[in-house]
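Visitor: I'm passing along start-v7.txt; it holds compact mmCIF, N, CA and C atoms.
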```
# COMPACT_ATOMS: atom_id res chain seq x y z
N MET D 1 188.04 46.79 -227.20
CA MET D 1 188.39 45.41 -226.95
C MET D 1 189.44 45.31 -225.86
N ASN D 2 190.41 46.22 -225.82
CA ASN D 2 191.44 46.17 -224.78
C ASN D 2 190.84 46.27 -223.40
N ARG D 3 189.78 47.03 -223.27
CA ARG D 3 189.11 47.17 -221.98
C ARG D 3 188.58 45.81 -221.52
N VAL D 4 188.04 45.02 -222.44
CA VAL D 4 187.53 43.69 -222.10
C VAL D 4 188.65 42.81 -221.59
N PHE D 5 189.80 42.82 -222.27
CA PHE D 5 190.93 42.00 -221.84
C PHE D 5 191.40 42.43 -220.46
N HIS D 6 191.42 43.72 -220.19
CA HIS D 6 191.82 44.22 -218.89
C HIS D 6 190.87 43.71 -217.81
N ILE D 7 189.59 43.76 -218.06
CA ILE D 7 188.59 43.29 -217.10
C ILE D 7 188.75 41.78 -216.87
N VAL D 8 188.94 41.03 -217.95
CA VAL D 8 189.12 39.58 -217.83
C VAL D 8 190.37 39.27 -217.01
N ASP D 9 191.45 40.01 -217.23
CA ASP D 9 192.67 39.81 -216.45
C ASP D 9 192.43 40.08 -214.97
N GLU D 10 191.67 41.10 -214.66
CA GLU D 10 191.36 41.39 -213.26
C GLU D 10 190.51 40.30 -212.64
N ILE D 11 189.55 39.79 -213.38
CA ILE D 11 188.68 38.73 -212.87
C ILE D 11 189.48 37.47 -212.57
N SER D 12 190.44 37.15 -213.43
CA SER D 12 191.19 35.89 -213.27
C SER D 12 192.48 36.04 -212.47
N LYS D 13 192.67 37.19 -211.85
CA LYS D 13 193.89 37.44 -211.06
C LYS D 13 194.00 36.42 -209.93
N ASP D 14 195.19 35.82 -209.79
CA ASP D 14 195.51 34.85 -208.75
C ASP D 14 194.66 33.58 -208.84
N VAL D 15 194.22 33.24 -210.03
CA VAL D 15 193.43 32.03 -210.24
C VAL D 15 194.21 31.12 -211.18
N ASN D 16 194.34 29.84 -210.81
CA ASN D 16 195.05 28.86 -211.62
C ASN D 16 194.07 28.19 -212.58
N ALA D 17 193.70 28.88 -213.64
CA ALA D 17 192.76 28.37 -214.64
C ALA D 17 193.07 29.02 -215.98
N TYR D 18 192.74 28.32 -217.04
CA TYR D 18 192.92 28.95 -218.35
C TYR D 18 191.58 29.44 -218.86
N LYS D 19 191.64 30.42 -219.76
CA LYS D 19 190.44 31.04 -220.30
C LYS D 19 190.19 30.52 -221.71
N VAL D 20 188.95 30.45 -222.08
CA VAL D 20 188.58 30.23 -223.47
C VAL D 20 187.88 31.50 -223.92
N MET D 21 188.57 32.26 -224.76
CA MET D 21 188.03 33.52 -225.27
C MET D 21 187.23 33.20 -226.54
N THR D 22 186.01 33.67 -226.59
CA THR D 22 185.14 33.45 -227.73
C THR D 22 184.82 34.78 -228.39
N THR D 23 185.05 34.83 -229.69
CA THR D 23 184.74 36.02 -230.48
C THR D 23 183.72 35.63 -231.53
N LYS D 24 182.61 36.36 -231.59
CA LYS D 24 181.58 36.09 -232.60
C LYS D 24 181.46 37.32 -233.49
N VAL D 25 181.51 37.07 -234.80
CA VAL D 25 181.41 38.15 -235.78
C VAL D 25 180.34 37.77 -236.80
N ASP D 26 179.40 38.68 -237.05
CA ASP D 26 178.41 38.48 -238.10
C ASP D 26 178.79 39.36 -239.29
N PHE D 27 178.95 38.72 -240.44
CA PHE D 27 179.25 39.43 -241.68
C PHE D 27 177.97 39.48 -242.52
N HIS D 28 177.54 40.66 -242.87
CA HIS D 28 176.34 40.82 -243.70
C HIS D 28 176.81 40.92 -245.15
N CYS D 29 176.60 39.85 -245.90
CA CYS D 29 177.12 39.73 -247.26
C CYS D 29 176.00 39.96 -248.28
N GLU D 30 176.32 40.69 -249.31
CA GLU D 30 175.35 40.94 -250.37
C GLU D 30 175.31 39.81 -251.40
N SER D 31 176.32 38.96 -251.40
CA SER D 31 176.33 37.88 -252.39
C SER D 31 176.85 36.59 -251.76
N GLU D 32 176.48 35.47 -252.37
CA GLU D 32 177.00 34.18 -251.93
C GLU D 32 178.50 34.08 -252.18
N ALA D 33 178.98 34.80 -253.19
CA ALA D 33 180.41 34.81 -253.48
C ALA D 33 181.20 35.39 -252.30
N ASP D 34 180.66 36.45 -251.70
CA ASP D 34 181.33 37.03 -250.52
C ASP D 34 181.31 36.06 -249.35
N ALA D 35 180.20 35.37 -249.16
CA ALA D 35 180.10 34.38 -248.08
C ALA D 35 181.11 33.25 -248.30
N LYS D 36 181.25 32.81 -249.53
CA LYS D 36 182.22 31.76 -249.88
C LYS D 36 183.64 32.26 -249.66
N LYS D 37 183.90 33.52 -249.98
CA LYS D 37 185.23 34.10 -249.79
C LYS D 37 185.61 34.13 -248.30
N ILE D 38 184.64 34.43 -247.45
CA ILE D 38 184.90 34.41 -246.01
C ILE D 38 185.31 33.00 -245.58
N GLN D 39 184.62 32.00 -246.07
CA GLN D 39 184.97 30.61 -245.76
C GLN D 39 186.40 30.29 -246.22
N GLU D 40 186.75 30.72 -247.42
CA GLU D 40 188.10 30.50 -247.94
C GLU D 40 189.14 31.23 -247.09
N ASN D 41 188.81 32.45 -246.66
CA ASN D 41 189.73 33.23 -245.83
C ASN D 41 189.95 32.58 -244.47
N ILE D 42 188.90 31.97 -243.91
CA ILE D 42 189.05 31.27 -242.64
C ILE D 42 190.06 30.14 -242.79
N THR D 43 189.94 29.35 -243.85
CA THR D 43 190.87 28.26 -244.10
C THR D 43 192.29 28.78 -244.27
N ARG D 44 192.45 29.87 -245.02
CA ARG D 44 193.78 30.45 -245.23
C ARG D 44 194.39 30.93 -243.91
N VAL D 45 193.59 31.62 -243.12
CA VAL D 45 194.08 32.15 -241.84
C VAL D 45 194.46 31.02 -240.90
N MET D 46 193.64 29.98 -240.85
CA MET D 46 193.95 28.85 -239.97
C MET D 46 195.26 28.18 -240.37
N LEU D 47 195.46 27.98 -241.65
CA LEU D 47 196.69 27.35 -242.11
C LEU D 47 197.91 28.24 -241.84
N LYS D 48 197.73 29.53 -242.00
CA LYS D 48 198.83 30.48 -241.82
C LYS D 48 199.22 30.64 -240.35
N HIS D 49 198.24 30.64 -239.44
CA HIS D 49 198.50 30.96 -238.05
C HIS D 49 198.34 29.77 -237.10
N LEU D 50 198.26 28.57 -237.63
CA LEU D 50 198.00 27.40 -236.79
C LEU D 50 199.08 27.20 -235.73
N GLU D 51 200.31 27.46 -236.07
CA GLU D 51 201.42 27.24 -235.14
C GLU D 51 201.55 28.32 -234.09
N ASP D 52 201.18 29.56 -234.39
CA ASP D 52 201.47 30.67 -233.48
C ASP D 52 200.26 31.16 -232.68
N THR D 53 199.14 30.45 -232.73
CA THR D 53 197.99 30.83 -231.92
C THR D 53 197.41 29.61 -231.23
N ALA D 54 196.64 29.85 -230.21
CA ALA D 54 196.03 28.76 -229.44
C ALA D 54 194.57 28.60 -229.85
N LEU D 55 194.33 28.53 -231.14
CA LEU D 55 192.96 28.38 -231.63
C LEU D 55 192.40 27.03 -231.19
N ALA D 56 191.23 27.05 -230.61
CA ALA D 56 190.57 25.82 -230.23
C ALA D 56 189.58 25.41 -231.31
N LYS D 57 188.89 26.43 -231.86
CA LYS D 57 187.85 26.11 -232.84
C LYS D 57 187.43 27.38 -233.57
N ILE D 58 187.14 27.23 -234.86
CA ILE D 58 186.49 28.28 -235.64
C ILE D 58 185.29 27.65 -236.32
N THR D 59 184.13 28.26 -236.13
CA THR D 59 182.94 27.75 -236.81
C THR D 59 182.43 28.80 -237.79
N TYR D 60 181.84 28.30 -238.86
CA TYR D 60 181.31 29.13 -239.95
C TYR D 60 179.90 28.66 -240.22
N ASP D 61 178.96 29.58 -240.24
CA ASP D 61 177.57 29.23 -240.52
C ASP D 61 176.97 30.32 -241.41
N TYR D 62 176.50 29.91 -242.58
CA TYR D 62 175.93 30.87 -243.53
C TYR D 62 174.42 30.77 -243.49
N HIS D 63 173.76 31.89 -243.20
CA HIS D 63 172.30 31.98 -243.19
C HIS D 63 171.89 32.69 -244.48
N ALA D 64 171.61 31.90 -245.51
CA ALA D 64 171.36 32.44 -246.85
C ALA D 64 170.16 33.38 -246.89
N ALA D 65 169.11 33.07 -246.17
CA ALA D 65 167.91 33.90 -246.21
C ALA D 65 168.19 35.31 -245.67
N ASP D 66 169.06 35.40 -244.68
CA ASP D 66 169.40 36.69 -244.08
C ASP D 66 170.66 37.31 -244.68
N LYS D 67 171.35 36.54 -245.53
CA LYS D 67 172.62 36.95 -246.12
C LYS D 67 173.65 37.29 -245.04
N VAL D 68 173.72 36.43 -244.02
CA VAL D 68 174.62 36.66 -242.89
C VAL D 68 175.52 35.44 -242.71
N VAL D 69 176.81 35.70 -242.59
CA VAL D 69 177.77 34.67 -242.23
C VAL D 69 178.13 34.89 -240.77
N GLU D 70 177.95 33.84 -239.96
CA GLU D 70 178.30 33.90 -238.54
C GLU D 70 179.60 33.13 -238.34
N VAL D 71 180.61 33.81 -237.81
CA VAL D 71 181.89 33.18 -237.53
C VAL D 71 182.14 33.28 -236.03
N VAL D 72 182.44 32.13 -235.41
CA VAL D 72 182.75 32.09 -233.98
C VAL D 72 184.14 31.50 -233.83
N ILE D 73 184.99 32.23 -233.09
CA ILE D 73 186.38 31.81 -232.88
C ILE D 73 186.59 31.58 -231.39
N ASP D 74 187.02 30.36 -231.03
CA ASP D 74 187.38 30.04 -229.65
C ASP D 74 188.90 29.91 -229.57
N GLU D 75 189.46 30.54 -228.57
CA GLU D 75 190.92 30.53 -228.38
C GLU D 75 191.23 30.22 -226.92
N HIS D 76 192.14 29.27 -226.69
CA HIS D 76 192.59 28.97 -225.33
C HIS D 76 193.66 29.98 -224.94
N VAL D 77 193.50 30.58 -223.77
CA VAL D 77 194.46 31.57 -223.28
C VAL D 77 194.97 31.08 -221.94
N LYS D 78 196.25 30.70 -221.88
CA LYS D 78 196.84 30.22 -220.63
C LYS D 78 197.80 31.25 -220.08
N SER D 79 197.80 31.38 -218.79
CA SER D 79 198.73 32.26 -218.12
C SER D 79 200.09 31.60 -218.05
N SER D 80 201.16 32.37 -218.12
CA SER D 80 202.51 31.81 -218.09
C SER D 80 202.85 31.17 -216.75
N GLN D 81 202.15 31.57 -215.68
CA GLN D 81 202.45 31.02 -214.37
C GLN D 81 201.50 29.88 -213.97
N MET D 82 200.76 29.32 -214.92
CA MET D 82 199.85 28.23 -214.59
C MET D 82 200.62 27.00 -214.19
N LYS D 83 200.09 26.23 -213.25
CA LYS D 83 200.78 25.08 -212.71
C LYS D 83 200.40 23.76 -213.39
N PHE D 84 199.35 23.74 -214.19
CA PHE D 84 198.97 22.47 -214.82
C PHE D 84 199.03 22.54 -216.31
```
Would it be possible to restate this file's structure as structure tokens?

Guide:
Amino acid sequence: MNRVFHIVDEISKDVNAYKVMTTKVDFHCESEADAKKIQENITRVMLKHLEDTALAKITYDYHAADKVVEVVIDEHVKSSQMKF
């Protein structure tokens, strides 16, 4: 993952723009209880870290037939030297 951040930093070098970093994670759950627990954990994490992160959006989608929970996290990343 650090390699990706390094590449993104090189791409955005000397550019006055902010990034929206998107992370997608698929959780393969054996039970609906585990899928529900992931949803509860998302709520807990958002409440705990709301002040100290630049979260734009977290989405949760449970595909019961496949037993897969899809979580997508969007985060705004601004450079300290941005002018706007």

Visitor: Compile the contact shell of Phe27 of chain D as an NGL selection string: residues with an atom at most 9 Å away, counting only C-alpha atoms, same-chain residues fewer than 6 positions apart removed.

Guide: :D and (35 or 38 or 67-71)

Visitor: Just the helix (DSSP H, G or I) stuff from segment 11-82 of chain D, please, per backbone DSSP, written as a PyMOL selection string.

Guide: chain D and resi 11+32-49

Visitor: Would you pick out the contacts of Asp74 of chain D at 7 Å or less, using all atoms listed in the file, so that residues sharing its chain but fewer than 6 positions from it are not included, and give the list as a ChimeraX atom specification?

Guide: /D:20-23,54-59

Visitor: Which residues in segment 4-81 of chain D does DSSP call strand (DSSP E or B)? List them as a PDB file with N, CA and C atoms, in the coordinates of the input.

Guide:
```pdb
ATOM      1  N   LYS D  19     191.640  30.420-219.760  1.00  0.00           N
ATOM      2  CA  LYS D  19     190.440  31.040-220.300  1.00  0.00           C
ATOM      3  C   LYS D  19     190.190  30.520-221.710  1.00  0.00           C
ATOM      4  N   VAL D  20     188.950  30.450-222.080  1.00  0.00           N
ATOM      5  CA  VAL D  20     188.580  30.230-223.470  1.00  0.00           C
ATOM      6  C   VAL D  20     187.880  31.500-223.920  1.00  0.00           C
ATOM      7  N   MET D  21     188.570  32.260-224.760  1.00  0.00           N
ATOM      8  CA  MET D  21     188.030  33.520-225.270  1.00  0.00           C
ATOM      9  C   MET D  21     187.230  33.200-226.540  1.00  0.00           C
ATOM     10  N   THR D  22     186.010  33.670-226.590  1.00  0.00           N
ATOM     11  CA  THR D  22     185.140  33.450-227.730  1.00  0.00           C
ATOM     12  C   THR D  22     184.820  34.780-228.390  1.00  0.00           C
ATOM     13  N   THR D  23     185.050  34.830-229.690  1.00  0.00           N
ATOM     14  CA  THR D  23     184.740  36.020-230.480  1.00  0.00           C
ATOM     15  C   THR D  23     183.720  35.630-231.530  1.00  0.00           C
ATOM     16  N   LYS D  24     182.610  36.360-231.590  1.00  0.00           N
ATOM     17  CA  LYS D  24     181.580  36.090-232.600  1.00  0.00           C
ATOM     18  C   LYS D  24     181.460  37.320-233.490  1.00  0.00           C
ATOM     19  N   VAL D  25     181.510  37.070-234.800  1.00  0.00           N
ATOM     20  CA  VAL D  25     181.410  38.150-235.780  1.00  0.00           C
ATOM     21  C   VAL D  25     180.340  37.770-236.800  1.00  0.00           C
ATOM     22  N   ASP D  26     179.400  38.680-237.050  1.00  0.00           N
ATOM     23  CA  ASP D  26     178.410  38.480-238.100  1.00  0.00           C
ATOM     24  C   ASP D  26     178.790  39.360-239.290  1.00  0.00           C
ATOM     25  N   PHE D  27     178.950  38.720-240.440  1.00  0.00           N
ATOM     26  CA  PHE D  27     179.250  39.430-241.680  1.00  0.00           C
ATOM     27  C   PHE D  27     177.970  39.480-242.520  1.00  0.00           C
ATOM     28  N   HIS D  28     177.540  40.660-242.870  1.00  0.00           N
ATOM     29  CA  HIS D  28     176.340  40.820-243.700  1.00  0.00           C
ATOM     30  C   HIS D  28     176.810  40.920-245.150  1.00  0.00           C
ATOM     31  N   LEU D  55     194.330  28.530-231.140  1.00  0.00           N
ATOM     32  CA  LEU D  55     192.960  28.380-231.630  1.00  0.00           C
ATOM     33  C   LEU D  55     192.400  27.030-231.190  1.00  0.00           C
ATOM     34  N   ALA D  56     191.230  27.050-230.610  1.00  0.00           N
ATOM     35  CA  ALA D  56     190.570  25.820-230.230  1.00  0.00           C
ATOM     36  C   ALA D  56     189.580  25.410-231.310  1.00  0.00           C
ATOM     37  N   LYS D  57     188.890  26.430-231.860  1.00  0.00           N
ATOM     38  CA  LYS D  57     187.850  26.110-232.840  1.00  0.00           C
ATOM     39  C   LYS D  57     187.430  27.380-233.570  1.00  0.00           C
ATOM     40  N   ILE D  58     187.140  27.230-234.860  1.00  0.00           N
ATOM     41  CA  ILE D  58     186.490  28.280-235.640  1.00  0.00           C
ATOM     42  C   ILE D  58     185.290  27.650-236.320  1.00  0.00           C
ATOM     43  N   THR D  59     184.130  28.260-236.130  1.00  0.00           N
ATOM     44  CA  THR D  59     182.940  27.750-236.810  1.00  0.00           C
ATOM     45  C   THR D  59     182.430  28.800-237.790  1.00  0.00           C
ATOM     46  N   TYR D  60     181.840  28.300-238.860  1.00  0.00           N
ATOM     47  CA  TYR D  60     181.310  29.130-239.950  1.00  0.00           C
ATOM     48  C   TYR D  60     179.900  28.660-240.220  1.00  0.00           C
ATOM     49  N   ASP D  61     178.960  29.580-240.240  1.00  0.00           N
ATOM     50  CA  ASP D  61     177.570  29.230-240.520  1.00  0.00           C
ATOM     51  C   ASP D  61     176.970  30.320-241.410  1.00  0.00           C
ATOM     52  N   TYR D  62     176.500  29.910-242.580  1.00  0.00           N
ATOM     53  CA  TYR D  62     175.930  30.870-243.530  1.00  0.00           C
ATOM     54  C   TYR D  62     174.420  30.770-243.490  1.00  0.00           C
ATOM     55  N   HIS D  63     173.760  31.890-243.200  1.00  0.00           N
ATOM     56  CA  HIS D  63     172.300  31.980-243.190  1.00  0.00           C
ATOM     57  C   HIS D  63     171.890  32.690-244.480  1.00  0.00           C
ATOM     58  N   VAL D  68     173.720  36.430-244.020  1.00  0.00           N
ATOM     59  CA  VAL D  68     174.620  36.660-242.890  1.00  0.00           C
ATOM     60  C   VAL D  68     175.520  35.440-242.710  1.00  0.00           C
ATOM     61  N   VAL D  69     176.810  35.700-242.590  1.00  0.00           N
ATOM     62  CA  VAL D  69     177.770  34.670-242.230  1.00  0.00           C
ATOM     63  C   VAL D  69     178.130  34.890-240.770  1.00  0.00           C
ATOM     64  N   GLU D  70     177.950  33.840-239.960  1.00  0.00           N
ATOM     65  CA  GLU D  70     178.300  33.900-238.540  1.00  0.00           C
ATOM     66  C   GLU D  70     179.600  33.130-238.340  1.00  0.00           C
ATOM     67  N   VAL D  71     180.610  33.810-237.810  1.00  0.00           N
ATOM     68  CA  VAL D  71     181.890  33.180-237.530  1.00  0.00           C
ATOM     69  C   VAL D  71     182.140  33.280-236.030  1.00  0.00           C
ATOM     70  N   VAL D  72     182.440  32.130-235.410  1.00  0.00           N
ATOM     71  CA  VAL D  72     182.750  32.090-233.980  1.00  0.00           C
ATOM     72  C   VAL D  72     184.140  31.500-233.830  1.00  0.00           C
ATOM     73  N   ILE D  73     184.990  32.230-233.090  1.00  0.00           N
ATOM     74  CA  ILE D  73     186.380  31.810-232.880  1.00  0.00           C
ATOM     75  C   ILE D  73     186.590  31.580-231.390  1.00  0.00           C
ATOM     76  N   ASP D  74     187.020  30.360-231.030  1.00  0.00           N
ATOM     77  CA  ASP D  74     187.380  30.040-229.650  1.00  0.00           C
ATOM     78  C   ASP D  74     188.900  29.910-229.570  1.00  0.00           C
ATOM     79  N   GLU D  75     189.460  30.540-228.570  1.00  0.00           N
ATOM     80  CA  GLU D  75     190.920  30.530-228.380  1.00  0.00           C
ATOM     81  C   GLU D  75     191.230  30.220-226.920  1.00  0.00           C
ATOM     82  N   HIS D  76     192.140  29.270-226.690  1.00  0.00           N
ATOM     83  CA  HIS D  76     192.590  28.970-225.330  1.00  0.00           C
ATOM     84  C   HIS D  76     193.660  29.980-224.940  1.00  0.00           C
ATOM     85  N   VAL D  77     193.500  30.580-223.770  1.00  0.00           N
ATOM     86  CA  VAL D  77     194.460  31.570-223.280  1.00  0.00           C
ATOM     87  C   VAL D  77     194.970  31.080-221.940  1.00  0.00           C
TER      88      VAL D  77
END
```

Visitor: Quick one: pull the distance between atom N of Gln39 of chain D and atom CA of Tyr60 of chain D, Å, one decimal.

Guide: 7.5 Å

Visitor: Separation of atom CA of Asp34 of chain D and atom CA of Thr53 of chain D, in Å?

Guide: 25.7 Å

Visitor: What separation in Å, quoted to one decimal, exists between atom N of Ser31 of chain D and atom CA of Thr43 of chain D?

Guide: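 If I compute the distance from atom N of Ser31 of chain D to atom CA of Thr43 of chain D, I get 19.5 Å.
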
Visitor: Quick one: axis-aligned box around all listed atoms of segment 4-23 of chain D, 8 Å on every side, centre and edge lengths in Å to one decimal, written as AutoDock Vina command-line options.

Guide:
```
--center_x 189.6 --center_y 36.6 --center_z -220.1 --size_x 27.8 --size_y 32.8 --size_z 38.8
```

Visitor: Between D:His28, D:His6, D:Arg44, D:Lys19, which has the minimum distance to Asp66 of chain D (counting all atoms listed in the file)?

Guide: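 Among D:His28, D:His6, D:Arg44, D:Lys19, it is D:His28 that comes nearest to Asp66 of chain D.
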
Visitor: Please determine, counting all atoms listed in the file, which residue among D:Asp9, D:Tyr18, D:Tyr62, D:Ala33 has the shortest atom-to-atom distance to Lys78 of chain D.

Guide: D:Tyr18

Visitor: Taking the block above, write segment 30-61 of chain D with N, CA and C atoms as an mmCIF file, in the first residue's frame.

Guide:
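And here is the file that came out, out-v2.cif:
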```cif
data_model
loop_
_atom_site.group_PDB
_atom_site.id
_atom_site.type_symbol
_atom_site.label_atom_id
_atom_site.label_comp_id
_atom_site.auth_asym_id
_atom_site.auth_seq_id
_atom_site.Cartn_x
_atom_site.Cartn_y
_atom_site.Cartn_z
ATOM 1 N N GLU D 30 -19.263 -16.000 6.404
ATOM 2 C CA GLU D 30 -19.961 -17.283 6.445
ATOM 3 C C GLU D 30 -21.354 -17.162 7.059
ATOM 4 N N SER D 31 -21.621 -16.053 7.735
ATOM 5 C CA SER D 31 -22.939 -15.914 8.358
ATOM 6 C C SER D 31 -23.440 -14.477 8.224
ATOM 7 N N GLU D 32 -24.752 -14.319 8.308
ATOM 8 C CA GLU D 32 -25.344 -12.986 8.296
ATOM 9 C C GLU D 32 -24.950 -12.214 9.548
ATOM 10 N N ALA D 33 -24.685 -12.932 10.634
ATOM 11 C CA ALA D 33 -24.255 -12.275 11.874
ATOM 12 C C ALA D 33 -22.917 -11.557 11.662
ATOM 13 N N ASP D 34 -22.006 -12.193 10.923
ATOM 14 C CA ASP D 34 -20.725 -11.538 10.633
ATOM 15 C C ASP D 34 -20.926 -10.309 9.752
ATOM 16 N N ALA D 35 -21.812 -10.407 8.772
ATOM 17 C CA ALA D 35 -22.107 -9.273 7.899
ATOM 18 C C ALA D 35 -22.691 -8.120 8.708
ATOM 19 N N LYS D 36 -23.575 -8.428 9.632
ATOM 20 C CA LYS D 36 -24.180 -7.417 10.506
ATOM 21 C C LYS D 36 -23.123 -6.801 11.411
ATOM 22 N N LYS D 37 -22.188 -7.610 11.897
ATOM 23 C CA LYS D 37 -21.119 -7.104 12.766
ATOM 24 C C LYS D 37 -20.228 -6.112 12.014
ATOM 25 N N ILE D 38 -19.968 -6.381 10.743
ATOM 26 C CA ILE D 38 -19.185 -5.440 9.944
ATOM 27 C C ILE D 38 -19.909 -4.102 9.856
ATOM 28 N N GLN D 39 -21.209 -4.137 9.637
ATOM 29 C CA GLN D 39 -22.000 -2.907 9.588
ATOM 30 C C GLN D 39 -21.908 -2.149 10.915
ATOM 31 N N GLU D 40 -22.020 -2.866 12.027
ATOM 32 C CA GLU D 40 -21.901 -2.240 13.343
ATOM 33 C C GLU D 40 -20.510 -1.647 13.549
ATOM 34 N N ASN D 41 -19.486 -2.363 13.091
ATOM 35 C CA ASN D 41 -18.107 -1.872 13.229
ATOM 36 C C ASN D 41 -17.874 -0.607 12.413
ATOM 37 N N ILE D 42 -18.494 -0.529 11.234
ATOM 38 C CA ILE D 42 -18.374 0.681 10.424
ATOM 39 C C ILE D 42 -18.929 1.875 11.190
ATOM 40 N N THR D 43 -20.101 1.722 11.779
ATOM 41 C CA THR D 43 -20.712 2.797 12.562
ATOM 42 C C THR D 43 -19.821 3.189 13.731
ATOM 43 N N ARG D 44 -19.273 2.199 14.428
ATOM 44 C CA ARG D 44 -18.399 2.475 15.573
ATOM 45 C C ARG D 44 -17.142 3.233 15.134
ATOM 46 N N VAL D 45 -16.532 2.784 14.052
ATOM 47 C CA VAL D 45 -15.307 3.421 13.555
ATOM 48 C C VAL D 45 -15.582 4.851 13.114
ATOM 49 N N MET D 46 -16.700 5.053 12.427
ATOM 50 C CA MET D 46 -17.029 6.411 11.976
ATOM 51 C C MET D 46 -17.233 7.349 13.156
ATOM 52 N N LEU D 47 -17.931 6.903 14.167
ATOM 53 C CA LEU D 47 -18.159 7.746 15.335
ATOM 54 C C LEU D 47 -16.856 8.027 16.084
ATOM 55 N N LYS D 48 -15.993 7.038 16.147
ATOM 56 C CA LYS D 48 -14.727 7.169 16.874
ATOM 57 C C LYS D 48 -13.740 8.087 16.152
ATOM 58 N N HIS D 49 -13.690 8.018 14.816
ATOM 59 C CA HIS D 49 -12.661 8.720 14.060
ATOM 60 C C HIS D 49 -13.195 9.878 13.221
ATOM 61 N N LEU D 50 -14.421 10.294 13.453
ATOM 62 C CA LEU D 50 -15.030 11.329 12.624
ATOM 63 C C LEU D 50 -14.247 12.638 12.660
ATOM 64 N N GLU D 51 -13.731 12.991 13.798
ATOM 65 C CA GLU D 51 -13.013 14.262 13.949
ATOM 66 C C GLU D 51 -11.606 14.238 13.380
ATOM 67 N N ASP D 52 -10.933 13.093 13.387
ATOM 68 C CA ASP D 52 -9.505 13.055 13.040
ATOM 69 C C ASP D 52 -9.219 12.496 11.649
ATOM 70 N N THR D 53 -10.234 12.276 10.828
ATOM 71 C CA THR D 53 -10.003 11.818 9.464
ATOM 72 C C THR D 53 -10.853 12.632 8.497
ATOM 73 N N ALA D 54 -10.473 12.592 7.253
ATOM 74 C CA ALA D 54 -11.193 13.337 6.215
ATOM 75 C C ALA D 54 -12.101 12.388 5.433
ATOM 76 N N LEU D 55 -12.873 11.590 6.147
ATOM 77 C CA LEU D 55 -13.767 10.647 5.480
ATOM 78 C C LEU D 55 -14.829 11.404 4.700
ATOM 79 N N ALA D 56 -14.992 11.045 3.451
ATOM 80 C CA ALA D 56 -16.034 11.636 2.635
ATOM 81 C C ALA D 56 -17.268 10.741 2.641
ATOM 82 N N LYS D 57 -17.010 9.417 2.586
ATOM 83 C CA LYS D 57 -18.141 8.498 2.486
ATOM 84 C C LYS D 57 -17.672 7.075 2.766
ATOM 85 N N ILE D 58 -18.528 6.312 3.436
ATOM 86 C CA ILE D 58 -18.334 4.871 3.570
ATOM 87 C C ILE D 58 -19.632 4.214 3.135
ATOM 88 N N THR D 59 -19.523 3.272 2.201
ATOM 89 C CA THR D 59 -20.716 2.545 1.777
ATOM 90 C C THR D 59 -20.577 1.075 2.148
ATOM 91 N N TYR D 60 -21.718 0.475 2.429
ATOM 92 C CA TYR D 60 -21.798 -0.928 2.850
ATOM 93 C C TYR D 60 -22.855 -1.585 1.984
ATOM 94 N N ASP D 61 -22.516 -2.698 1.377
ATOM 95 C CA ASP D 61 -23.477 -3.428 0.547
ATOM 96 C C ASP D 61 -23.294 -4.921 0.800
#
```
